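As stored in entry16.txt (compact mmCIF, N, CA and C atoms):
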# COMPACT_ATOMS: atom_id res chain seq x y z
N MET A 1 0.85 -1.17 0.00
CA MET A 1 0.00 0.00 0.00
C MET A 1 0.91 1.24 0.00
N PRO A 2 0.68 2.18 -0.93
CA PRO A 2 1.53 3.37 -0.98
C PRO A 2 1.29 4.27 0.23
N PHE A 3 2.32 5.03 0.61
CA PHE A 3 2.21 5.93 1.76
C PHE A 3 1.20 7.03 1.47
N ARG A 4 0.36 7.28 2.45
CA ARG A 4 -0.57 8.41 2.39
C ARG A 4 -0.50 9.12 3.73
N SER A 5 -0.25 10.40 3.71
CA SER A 5 -0.19 11.18 4.95
C SER A 5 -1.59 11.56 5.40
N PHE A 6 -1.80 11.49 6.70
CA PHE A 6 -3.05 11.91 7.31
C PHE A 6 -2.85 13.17 8.14
N MET A 7 -1.74 13.90 7.86
CA MET A 7 -1.45 15.10 8.64
C MET A 7 -2.50 16.18 8.42
N GLU A 8 -3.11 16.24 7.23
CA GLU A 8 -4.17 17.24 7.02
C GLU A 8 -5.33 17.01 7.97
N ASP A 9 -5.64 15.76 8.25
CA ASP A 9 -6.70 15.44 9.21
C ASP A 9 -6.32 15.94 10.61
N ALA A 10 -5.05 15.72 10.98
CA ALA A 10 -4.57 16.18 12.29
C ALA A 10 -4.58 17.71 12.35
N LEU A 11 -4.20 18.36 11.25
CA LEU A 11 -4.22 19.82 11.21
C LEU A 11 -5.66 20.36 11.35
N ALA A 12 -6.62 19.67 10.77
CA ALA A 12 -8.02 20.09 10.92
C ALA A 12 -8.44 20.02 12.39
N GLU A 13 -8.01 18.97 13.08
CA GLU A 13 -8.31 18.85 14.51
C GLU A 13 -7.62 19.95 15.31
N ALA A 14 -6.40 20.29 14.91
CA ALA A 14 -5.67 21.36 15.59
C ALA A 14 -6.37 22.70 15.40
N ARG A 15 -6.82 22.98 14.18
CA ARG A 15 -7.55 24.23 13.92
C ARG A 15 -8.82 24.30 14.76
N ALA A 16 -9.55 23.20 14.83
CA ALA A 16 -10.78 23.16 15.62
C ALA A 16 -10.47 23.39 17.10
N ALA A 17 -9.40 22.82 17.60
CA ALA A 17 -9.00 23.03 18.99
C ALA A 17 -8.68 24.50 19.23
N GLY A 18 -7.93 25.11 18.33
CA GLY A 18 -7.61 26.53 18.45
C GLY A 18 -8.86 27.39 18.44
N ASP A 19 -9.82 27.04 17.60
CA ASP A 19 -11.09 27.79 17.54
C ASP A 19 -11.86 27.69 18.85
N ARG A 20 -11.64 26.62 19.60
CA ARG A 20 -12.30 26.44 20.89
C ARG A 20 -11.51 27.08 22.04
N GLY A 21 -10.36 27.70 21.70
CA GLY A 21 -9.52 28.32 22.73
C GLY A 21 -8.50 27.40 23.34
N GLU A 22 -8.37 26.21 22.78
CA GLU A 22 -7.35 25.25 23.24
C GLU A 22 -6.06 25.48 22.46
N VAL A 23 -4.94 25.06 23.02
CA VAL A 23 -3.69 25.09 22.26
C VAL A 23 -3.92 24.22 21.02
N PRO A 24 -3.66 24.76 19.82
CA PRO A 24 -4.02 24.04 18.59
C PRO A 24 -3.10 22.87 18.24
N VAL A 25 -3.40 21.76 18.86
CA VAL A 25 -2.72 20.50 18.57
C VAL A 25 -3.79 19.49 18.21
N GLY A 26 -3.56 18.75 17.13
CA GLY A 26 -4.50 17.74 16.70
C GLY A 26 -3.82 16.42 16.44
N ALA A 27 -4.57 15.34 16.56
CA ALA A 27 -4.03 14.00 16.34
C ALA A 27 -5.07 13.10 15.72
N VAL A 28 -4.61 12.17 14.91
CA VAL A 28 -5.47 11.12 14.37
C VAL A 28 -4.74 9.78 14.48
N VAL A 29 -5.51 8.73 14.68
CA VAL A 29 -4.98 7.37 14.71
C VAL A 29 -5.53 6.65 13.50
N VAL A 30 -4.63 5.97 12.78
CA VAL A 30 -4.97 5.27 11.54
C VAL A 30 -4.70 3.78 11.76
N ASP A 31 -5.69 2.95 11.41
CA ASP A 31 -5.53 1.51 11.60
C ASP A 31 -4.66 0.90 10.50
N PRO A 32 -4.31 -0.38 10.63
CA PRO A 32 -3.44 -1.02 9.62
C PRO A 32 -4.04 -1.06 8.21
N ASN A 33 -5.35 -0.85 8.09
CA ASN A 33 -5.99 -0.83 6.77
C ASN A 33 -6.03 0.57 6.16
N GLY A 34 -5.43 1.54 6.84
CA GLY A 34 -5.38 2.90 6.32
C GLY A 34 -6.64 3.71 6.59
N GLN A 35 -7.41 3.32 7.60
CA GLN A 35 -8.64 4.04 7.96
C GLN A 35 -8.43 4.85 9.23
N VAL A 36 -8.87 6.10 9.24
CA VAL A 36 -8.84 6.89 10.46
C VAL A 36 -9.87 6.32 11.42
N VAL A 37 -9.42 5.90 12.60
CA VAL A 37 -10.32 5.30 13.58
C VAL A 37 -10.55 6.21 14.78
N ALA A 38 -9.74 7.25 14.92
CA ALA A 38 -9.92 8.19 16.03
C ALA A 38 -9.26 9.51 15.67
N ARG A 39 -9.86 10.58 16.16
CA ARG A 39 -9.32 11.92 15.93
C ARG A 39 -9.64 12.76 17.15
N ALA A 40 -8.75 13.70 17.44
CA ALA A 40 -8.98 14.56 18.60
C ALA A 40 -8.09 15.79 18.51
N GLY A 41 -8.53 16.82 19.20
CA GLY A 41 -7.73 18.01 19.42
C GLY A 41 -7.58 18.19 20.92
N ASN A 42 -6.64 19.02 21.31
CA ASN A 42 -6.46 19.27 22.74
C ASN A 42 -7.78 19.69 23.39
N GLN A 43 -8.02 19.21 24.60
CA GLN A 43 -9.21 19.57 25.36
C GLN A 43 -8.88 19.79 26.84
N THR A 44 -7.67 20.20 27.14
CA THR A 44 -7.28 20.36 28.54
C THR A 44 -8.13 21.39 29.27
N ARG A 45 -8.42 22.50 28.61
CA ARG A 45 -9.23 23.55 29.26
C ARG A 45 -10.70 23.13 29.32
N GLU A 46 -11.22 22.62 28.22
CA GLU A 46 -12.63 22.21 28.17
C GLU A 46 -12.97 21.18 29.23
N LEU A 47 -12.08 20.21 29.40
CA LEU A 47 -12.34 19.11 30.32
C LEU A 47 -11.73 19.33 31.71
N SER A 48 -11.00 20.46 31.88
CA SER A 48 -10.27 20.71 33.13
C SER A 48 -9.41 19.49 33.48
N ASP A 49 -8.68 19.04 32.48
CA ASP A 49 -7.90 17.81 32.59
C ASP A 49 -6.54 18.00 31.94
N PRO A 50 -5.48 18.08 32.74
CA PRO A 50 -4.15 18.30 32.16
C PRO A 50 -3.67 17.14 31.28
N THR A 51 -4.34 15.99 31.35
CA THR A 51 -3.94 14.86 30.51
C THR A 51 -4.71 14.82 29.19
N ALA A 52 -5.60 15.75 28.95
CA ALA A 52 -6.46 15.72 27.77
C ALA A 52 -5.76 16.30 26.54
N HIS A 53 -4.54 15.81 26.30
CA HIS A 53 -3.81 16.19 25.09
C HIS A 53 -4.42 15.43 23.91
N ALA A 54 -4.26 15.98 22.72
CA ALA A 54 -4.83 15.38 21.51
C ALA A 54 -4.43 13.91 21.37
N GLU A 55 -3.15 13.62 21.59
CA GLU A 55 -2.66 12.25 21.42
C GLU A 55 -3.35 11.29 22.38
N ILE A 56 -3.44 11.69 23.65
CA ILE A 56 -4.06 10.83 24.67
C ILE A 56 -5.52 10.56 24.32
N LEU A 57 -6.25 11.62 23.94
CA LEU A 57 -7.67 11.45 23.61
C LEU A 57 -7.85 10.57 22.38
N ALA A 58 -7.00 10.74 21.38
CA ALA A 58 -7.11 9.92 20.17
C ALA A 58 -6.75 8.46 20.47
N ILE A 59 -5.73 8.25 21.27
CA ILE A 59 -5.34 6.88 21.63
C ILE A 59 -6.46 6.21 22.43
N ARG A 60 -7.05 6.92 23.38
CA ARG A 60 -8.17 6.35 24.15
C ARG A 60 -9.32 5.93 23.24
N ALA A 61 -9.66 6.81 22.30
CA ALA A 61 -10.77 6.51 21.39
C ALA A 61 -10.43 5.34 20.47
N ALA A 62 -9.19 5.28 19.99
CA ALA A 62 -8.78 4.18 19.11
C ALA A 62 -8.77 2.85 19.87
N CYS A 63 -8.32 2.86 21.11
CA CYS A 63 -8.33 1.64 21.91
C CYS A 63 -9.75 1.17 22.17
N ALA A 64 -10.64 2.12 22.46
CA ALA A 64 -12.05 1.76 22.68
C ALA A 64 -12.64 1.15 21.41
N ALA A 65 -12.33 1.75 20.26
CA ALA A 65 -12.86 1.22 18.99
C ALA A 65 -12.30 -0.16 18.69
N ALA A 66 -11.03 -0.38 19.04
CA ALA A 66 -10.39 -1.67 18.78
C ALA A 66 -10.72 -2.71 19.85
N GLY A 67 -11.22 -2.25 20.98
CA GLY A 67 -11.49 -3.18 22.09
C GLY A 67 -10.22 -3.75 22.67
N SER A 68 -9.17 -2.92 22.67
CA SER A 68 -7.86 -3.39 23.14
C SER A 68 -7.09 -2.23 23.74
N ASP A 69 -6.18 -2.55 24.66
CA ASP A 69 -5.31 -1.52 25.22
C ASP A 69 -4.04 -1.35 24.40
N ARG A 70 -3.92 -2.09 23.33
CA ARG A 70 -2.73 -2.01 22.46
C ARG A 70 -3.16 -1.85 21.02
N LEU A 71 -2.33 -1.09 20.29
CA LEU A 71 -2.64 -0.76 18.90
C LEU A 71 -1.47 -1.10 17.97
N PRO A 72 -1.02 -2.35 17.95
CA PRO A 72 0.09 -2.70 17.06
C PRO A 72 -0.32 -2.54 15.60
N GLY A 73 0.56 -1.98 14.81
CA GLY A 73 0.27 -1.77 13.40
C GLY A 73 -0.44 -0.45 13.11
N TYR A 74 -0.82 0.27 14.13
CA TYR A 74 -1.51 1.55 13.97
C TYR A 74 -0.50 2.69 13.86
N ASP A 75 -0.94 3.77 13.21
CA ASP A 75 -0.12 4.98 13.06
C ASP A 75 -0.79 6.11 13.81
N LEU A 76 0.03 7.01 14.34
CA LEU A 76 -0.45 8.23 14.98
C LEU A 76 0.13 9.42 14.24
N TYR A 77 -0.73 10.32 13.83
CA TYR A 77 -0.32 11.59 13.23
C TYR A 77 -0.66 12.68 14.23
N VAL A 78 0.31 13.52 14.56
CA VAL A 78 0.08 14.60 15.51
C VAL A 78 0.84 15.83 15.03
N THR A 79 0.23 16.99 15.23
CA THR A 79 0.78 18.22 14.67
C THR A 79 1.99 18.76 15.41
N LEU A 80 2.20 18.32 16.64
CA LEU A 80 3.32 18.80 17.45
C LEU A 80 4.04 17.60 18.06
N GLU A 81 5.35 17.71 18.20
CA GLU A 81 6.13 16.66 18.84
C GLU A 81 5.48 16.29 20.18
N PRO A 82 5.19 15.01 20.40
CA PRO A 82 4.56 14.61 21.65
C PRO A 82 5.43 14.94 22.87
N CYS A 83 4.76 15.32 23.95
CA CYS A 83 5.45 15.55 25.22
C CYS A 83 5.79 14.19 25.84
N ALA A 84 6.48 14.22 26.96
CA ALA A 84 6.89 12.97 27.60
C ALA A 84 5.69 12.12 28.01
N MET A 85 4.62 12.75 28.52
CA MET A 85 3.43 11.99 28.91
C MET A 85 2.82 11.28 27.71
N CYS A 86 2.69 12.00 26.60
CA CYS A 86 2.09 11.41 25.41
C CYS A 86 2.99 10.34 24.80
N ALA A 87 4.30 10.58 24.82
CA ALA A 87 5.23 9.58 24.30
C ALA A 87 5.13 8.28 25.11
N ALA A 88 5.00 8.40 26.43
CA ALA A 88 4.84 7.20 27.26
C ALA A 88 3.55 6.47 26.91
N ALA A 89 2.47 7.22 26.66
CA ALA A 89 1.20 6.58 26.27
C ALA A 89 1.32 5.90 24.91
N ILE A 90 2.04 6.53 24.00
CA ILE A 90 2.27 5.94 22.67
C ILE A 90 3.01 4.61 22.81
N ALA A 91 4.04 4.60 23.65
CA ALA A 91 4.80 3.37 23.89
C ALA A 91 3.92 2.31 24.54
N ALA A 92 3.12 2.70 25.52
CA ALA A 92 2.25 1.74 26.22
C ALA A 92 1.22 1.14 25.26
N ALA A 93 0.75 1.94 24.32
CA ALA A 93 -0.25 1.46 23.36
C ALA A 93 0.37 0.67 22.22
N ARG A 94 1.69 0.64 22.16
CA ARG A 94 2.43 -0.11 21.12
C ARG A 94 2.12 0.40 19.71
N ILE A 95 1.92 1.70 19.57
CA ILE A 95 1.68 2.30 18.25
C ILE A 95 2.92 2.05 17.39
N ALA A 96 2.69 1.66 16.15
CA ALA A 96 3.80 1.28 15.27
C ALA A 96 4.61 2.47 14.76
N ARG A 97 3.91 3.53 14.33
CA ARG A 97 4.59 4.66 13.71
C ARG A 97 3.97 5.97 14.21
N VAL A 98 4.84 6.94 14.48
CA VAL A 98 4.42 8.27 14.88
C VAL A 98 4.93 9.26 13.84
N TYR A 99 4.02 10.05 13.32
CA TYR A 99 4.35 11.12 12.38
C TYR A 99 3.99 12.43 13.07
N TYR A 100 4.96 13.31 13.24
CA TYR A 100 4.60 14.58 13.85
C TYR A 100 5.11 15.75 13.04
N GLY A 101 4.43 16.88 13.22
CA GLY A 101 4.73 18.09 12.46
C GLY A 101 5.82 18.91 13.08
N ALA A 102 5.43 19.90 13.87
CA ALA A 102 6.37 20.86 14.45
C ALA A 102 7.16 20.22 15.59
N SER A 103 8.44 20.58 15.66
CA SER A 103 9.26 20.18 16.80
C SER A 103 8.89 21.03 18.00
N ASP A 104 9.16 20.51 19.19
CA ASP A 104 8.88 21.23 20.42
C ASP A 104 10.09 21.19 21.34
N PRO A 105 11.08 22.08 21.08
CA PRO A 105 12.29 22.08 21.90
C PRO A 105 12.03 22.34 23.39
N LYS A 106 10.94 23.03 23.71
CA LYS A 106 10.63 23.37 25.10
C LYS A 106 9.99 22.21 25.86
N SER A 107 9.02 21.54 25.24
CA SER A 107 8.24 20.52 25.97
C SER A 107 8.17 19.17 25.28
N GLY A 108 8.88 19.01 24.17
CA GLY A 108 8.84 17.74 23.46
C GLY A 108 9.45 16.61 24.27
N GLY A 109 9.00 15.40 23.99
CA GLY A 109 9.51 14.24 24.72
C GLY A 109 10.02 13.15 23.80
N VAL A 110 10.15 13.46 22.50
CA VAL A 110 10.60 12.47 21.53
C VAL A 110 12.02 12.79 21.07
N ALA A 111 12.19 13.93 20.41
CA ALA A 111 13.51 14.34 19.93
C ALA A 111 14.18 15.31 20.90
N HIS A 112 13.41 15.85 21.82
CA HIS A 112 13.90 16.81 22.80
C HIS A 112 13.58 16.32 24.21
N GLY A 113 14.09 17.02 25.19
CA GLY A 113 13.74 16.72 26.59
C GLY A 113 13.96 15.28 26.98
N ALA A 114 12.92 14.63 27.43
CA ALA A 114 13.02 13.28 27.99
C ALA A 114 13.42 12.21 26.98
N ARG A 115 13.15 12.44 25.70
CA ARG A 115 13.45 11.44 24.66
C ARG A 115 13.00 10.03 25.11
N VAL A 116 11.74 9.95 25.40
CA VAL A 116 11.14 8.76 26.03
C VAL A 116 11.47 7.46 25.30
N PHE A 117 11.41 7.46 23.98
CA PHE A 117 11.58 6.21 23.24
C PHE A 117 13.01 5.69 23.27
N SER A 118 13.96 6.53 23.64
CA SER A 118 15.36 6.11 23.64
C SER A 118 15.78 5.43 24.94
N HIS A 119 14.91 5.41 25.94
CA HIS A 119 15.25 4.82 27.22
C HIS A 119 15.00 3.32 27.23
N ALA A 120 15.83 2.61 27.96
CA ALA A 120 15.67 1.16 28.10
C ALA A 120 14.32 0.82 28.74
N GLN A 121 13.79 1.74 29.54
CA GLN A 121 12.51 1.49 30.21
C GLN A 121 11.31 1.63 29.29
N ALA A 122 11.51 2.16 28.09
CA ALA A 122 10.39 2.29 27.15
C ALA A 122 9.96 0.89 26.73
N HIS A 123 8.69 0.60 26.91
CA HIS A 123 8.17 -0.73 26.58
C HIS A 123 8.16 -0.99 25.08
N HIS A 124 8.18 0.08 24.31
CA HIS A 124 8.07 -0.05 22.86
C HIS A 124 8.66 1.20 22.23
N GLN A 125 9.33 1.03 21.11
CA GLN A 125 9.89 2.17 20.38
C GLN A 125 9.28 2.20 18.99
N PRO A 126 8.34 3.12 18.76
CA PRO A 126 7.74 3.21 17.43
C PRO A 126 8.71 3.82 16.44
N GLU A 127 8.44 3.61 15.17
CA GLU A 127 9.15 4.36 14.15
C GLU A 127 8.67 5.80 14.27
N VAL A 128 9.58 6.76 14.16
CA VAL A 128 9.22 8.17 14.30
C VAL A 128 9.64 8.92 13.04
N TYR A 129 8.70 9.69 12.51
CA TYR A 129 8.93 10.53 11.34
C TYR A 129 8.53 11.96 11.71
N ASP A 130 9.50 12.86 11.70
CA ASP A 130 9.20 14.23 12.10
C ASP A 130 9.17 15.17 10.89
N GLY A 131 8.64 16.35 11.11
CA GLY A 131 8.62 17.38 10.08
C GLY A 131 7.50 17.25 9.06
N ILE A 132 6.59 16.30 9.24
CA ILE A 132 5.47 16.12 8.30
C ILE A 132 4.46 17.24 8.59
N GLY A 133 4.28 18.16 7.67
CA GLY A 133 3.36 19.28 7.88
C GLY A 133 3.85 20.25 8.94
N ALA A 134 5.17 20.34 9.10
CA ALA A 134 5.74 21.18 10.16
C ALA A 134 5.40 22.65 10.00
N ASP A 135 5.46 23.17 8.79
CA ASP A 135 5.23 24.61 8.59
C ASP A 135 3.81 25.04 8.96
N PRO A 136 2.77 24.39 8.44
CA PRO A 136 1.43 24.82 8.86
C PRO A 136 1.16 24.57 10.34
N ALA A 137 1.71 23.51 10.89
CA ALA A 137 1.51 23.23 12.32
C ALA A 137 2.17 24.31 13.17
N ALA A 138 3.39 24.69 12.82
CA ALA A 138 4.09 25.74 13.56
C ALA A 138 3.38 27.07 13.40
N ALA A 139 2.87 27.36 12.22
CA ALA A 139 2.17 28.62 11.98
C ALA A 139 0.91 28.72 12.85
N LEU A 140 0.18 27.62 12.99
CA LEU A 140 -1.01 27.61 13.85
C LEU A 140 -0.64 27.95 15.29
N LEU A 141 0.42 27.33 15.77
CA LEU A 141 0.84 27.56 17.16
C LEU A 141 1.32 28.99 17.36
N LYS A 142 2.12 29.49 16.42
CA LYS A 142 2.63 30.86 16.54
C LYS A 142 1.49 31.87 16.54
N ALA A 143 0.53 31.71 15.65
CA ALA A 143 -0.61 32.61 15.59
C ALA A 143 -1.43 32.55 16.87
N PHE A 144 -1.64 31.34 17.39
CA PHE A 144 -2.42 31.16 18.62
C PHE A 144 -1.77 31.93 19.78
N PHE A 145 -0.48 31.73 19.96
CA PHE A 145 0.20 32.37 21.10
C PHE A 145 0.41 33.86 20.87
N ALA A 146 0.56 34.30 19.64
CA ALA A 146 0.70 35.73 19.34
C ALA A 146 -0.59 36.47 19.72
N ASP A 147 -1.73 35.83 19.50
CA ASP A 147 -3.02 36.44 19.84
C ASP A 147 -3.22 36.59 21.35
N ARG A 148 -2.49 35.83 22.14
CA ARG A 148 -2.66 35.85 23.58
C ARG A 148 -1.65 36.73 24.29
N ARG A 149 -0.71 37.29 23.55
CA ARG A 149 0.31 38.13 24.18
C ARG A 149 -0.04 39.57 24.06
Please lay out the structure from this file as structure tokens.
Amino acid sequence: MPFRSFMEDALAEARAAGDRGEVPVGAVVVDPNGQVVARAGNQTRELSDPTAHAEILAIRAACAAAGSDRLPGYDLYVTLEPCAMCAAAIAAARIARVYYGASDPKSGGVAHGARVFSHAQAHHQPEVYDGIGADPAAALLKAFFADRR
């Protein structure tokens, strides 16, 4: 099956999150057949839940749809480099591949900061592809924070 990016779907979720006043981060989970099975944007403010990051919400929904706590063979597309909490959830869910847009030198947990997948304690190390849709993802974040300063 040829590669198809689902970053546009994640960007749509990020835009919707920004429109709701959330930090504009979006995520989608794609099953091994190439079907989007879950999508989410950040909802930390809406739900008063610091764990309600787009990745966590999408993983929860995908696990519920699959009837499993593990998602081997599944892909996660997210507009921003996952933080350490989200990276740990990705490892726990055994997601096969992570595609992310903008890097996050301040709070990232994949290529920056904790580098969760590089530790021996990581239960699983997904394939990671960065920079997919990085420019529009970064532009969304910059515009969001510029409006608040």
Residues flagged strand (DSSP E) by DSSP in chain A, as a ChimeraX atom specification:
/A:26-30,36-41,75-80,97-102,127-130
Using DSSP secondary structure from the backbone, list all helix (DSSP H, G or I) positions within chain A, as JSON, numbers by chain.
{"A": [7, 8, 9, 10, 11, 12, 13, 14, 15, 16, 17, 18, 19, 44, 45, 46, 47, 54, 55, 56, 57, 58, 59, 60, 61, 62, 63, 64, 65, 66, 84, 85, 86, 87, 88, 89, 90, 91, 92, 93, 116, 117, 118, 134, 135, 136, 137, 138, 139, 140, 141, 142, 143, 144, 145, 146, 147]}
What are the nearest atom pairs, with distances in Å to one decimal, for all residues of stretch 4-38 of chain A that come at most 12 Å from stretch 96-113 of chain A, using only C-alpha atoms, set out by chain and rising residue number as a Markdown table?
| residue | atom | partner | partner_atom | distance |
| --- | --- | --- | --- | --- |
| A:Arg4 | CA | A:Tyr99 | CA | 11.5 |
| A:Ser5 | CA | A:Tyr99 | CA | 8.7 |
| A:Phe6 | CA | A:Tyr99 | CA | 9.0 |
| A:Met7 | CA | A:Gly101 | CA | 7.9 |
| A:Glu8 | CA | A:Gly101 | CA | 10.5 |
| A:Ala10 | CA | A:Tyr100 | CA | 9.4 |
| A:Leu11 | CA | A:Gly101 | CA | 9.2 |
| A:Ala14 | CA | A:Gly101 | CA | 11.3 |
| A:Pro24 | CA | A:Ala102 | CA | 11.6 |
| A:Val25 | CA | A:Gly101 | CA | 9.9 |
| A:Gly26 | CA | A:Tyr100 | CA | 10.0 |
| A:Ala27 | CA | A:Tyr100 | CA | 9.0 |
| A:Val28 | CA | A:Tyr99 | CA | 10.0 |
| A:Val29 | CA | A:Val98 | CA | 9.4 |
| A:Val30 | CA | A:Arg97 | CA | 9.8 |
| A:Asp31 | CA | A:Ala96 | CA | 10.0 |
| A:Pro32 | CA | A:Ala96 | CA | 9.5 |
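Note that atom C of A:Phe144 and atom C of A:Leu47 are 20.0 Å apart.
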In Å to one decimal, how far is atom N of A:Ala143 from atom C of A:Arg60?
28.6 Å
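You can rank A:Arg70, A:Arg45, A:His53, A:Arg148 by their closest distance to A:Ala92 using all atoms listed in the file, and at the top of that list sits A:Arg70.
Using only N, CA and C atoms, the shortest contact distance between A:Val78 and any of A:Ser48, A:Gln125, A:Ala91, A:Ile132 is found at A:Ile132.
Nearest to A:Cys83 of all the residues A:Ala52, A:Ala12, A:Val116, A:Ile59 is A:Val116, based on only N, CA and C atoms.
Across the structure, atom C of A:Leu71 and atom N of A:Ile95 are spaced 4.7 Å apart.
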So, counting only N, CA and C atoms, which residue among A:Ala134, A:Ala146, A:Ala88, A:Val37 is closest to A:Ala122?
A:Ala88
Would you give the centre and edge lengths, in Å to one decimal, of a box along x, y and z around the listed atoms of stretch 103-111 of chain A, with 3 Å added to each side, as AutoDock Vina command-line options?
--center_x 11.2 --center_y 17.9 --center_z 20.8 --size_x 12.0 --size_y 16.9 --size_z 16.3
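Checking A:Ala120, A:Pro136, A:Ala87, A:Arg94 one by one against A:Tyr74, counting only N, CA and C atoms, you find the shortest gap at A:Arg94.
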Given only N, CA and C atoms as the basis, pick out the residue of A:Gly41, A:Pro72, A:Pro82, A:Pro2 nearest to A:Gly18.
A:Gly41
Might you pull out every residue within 8 Å of A:Glu46, with all atoms listed in the file counted and same-chain residues fewer than 3 positions away left off, and present them as a ChimeraX atom specification?
/A:20-22,42-43,49
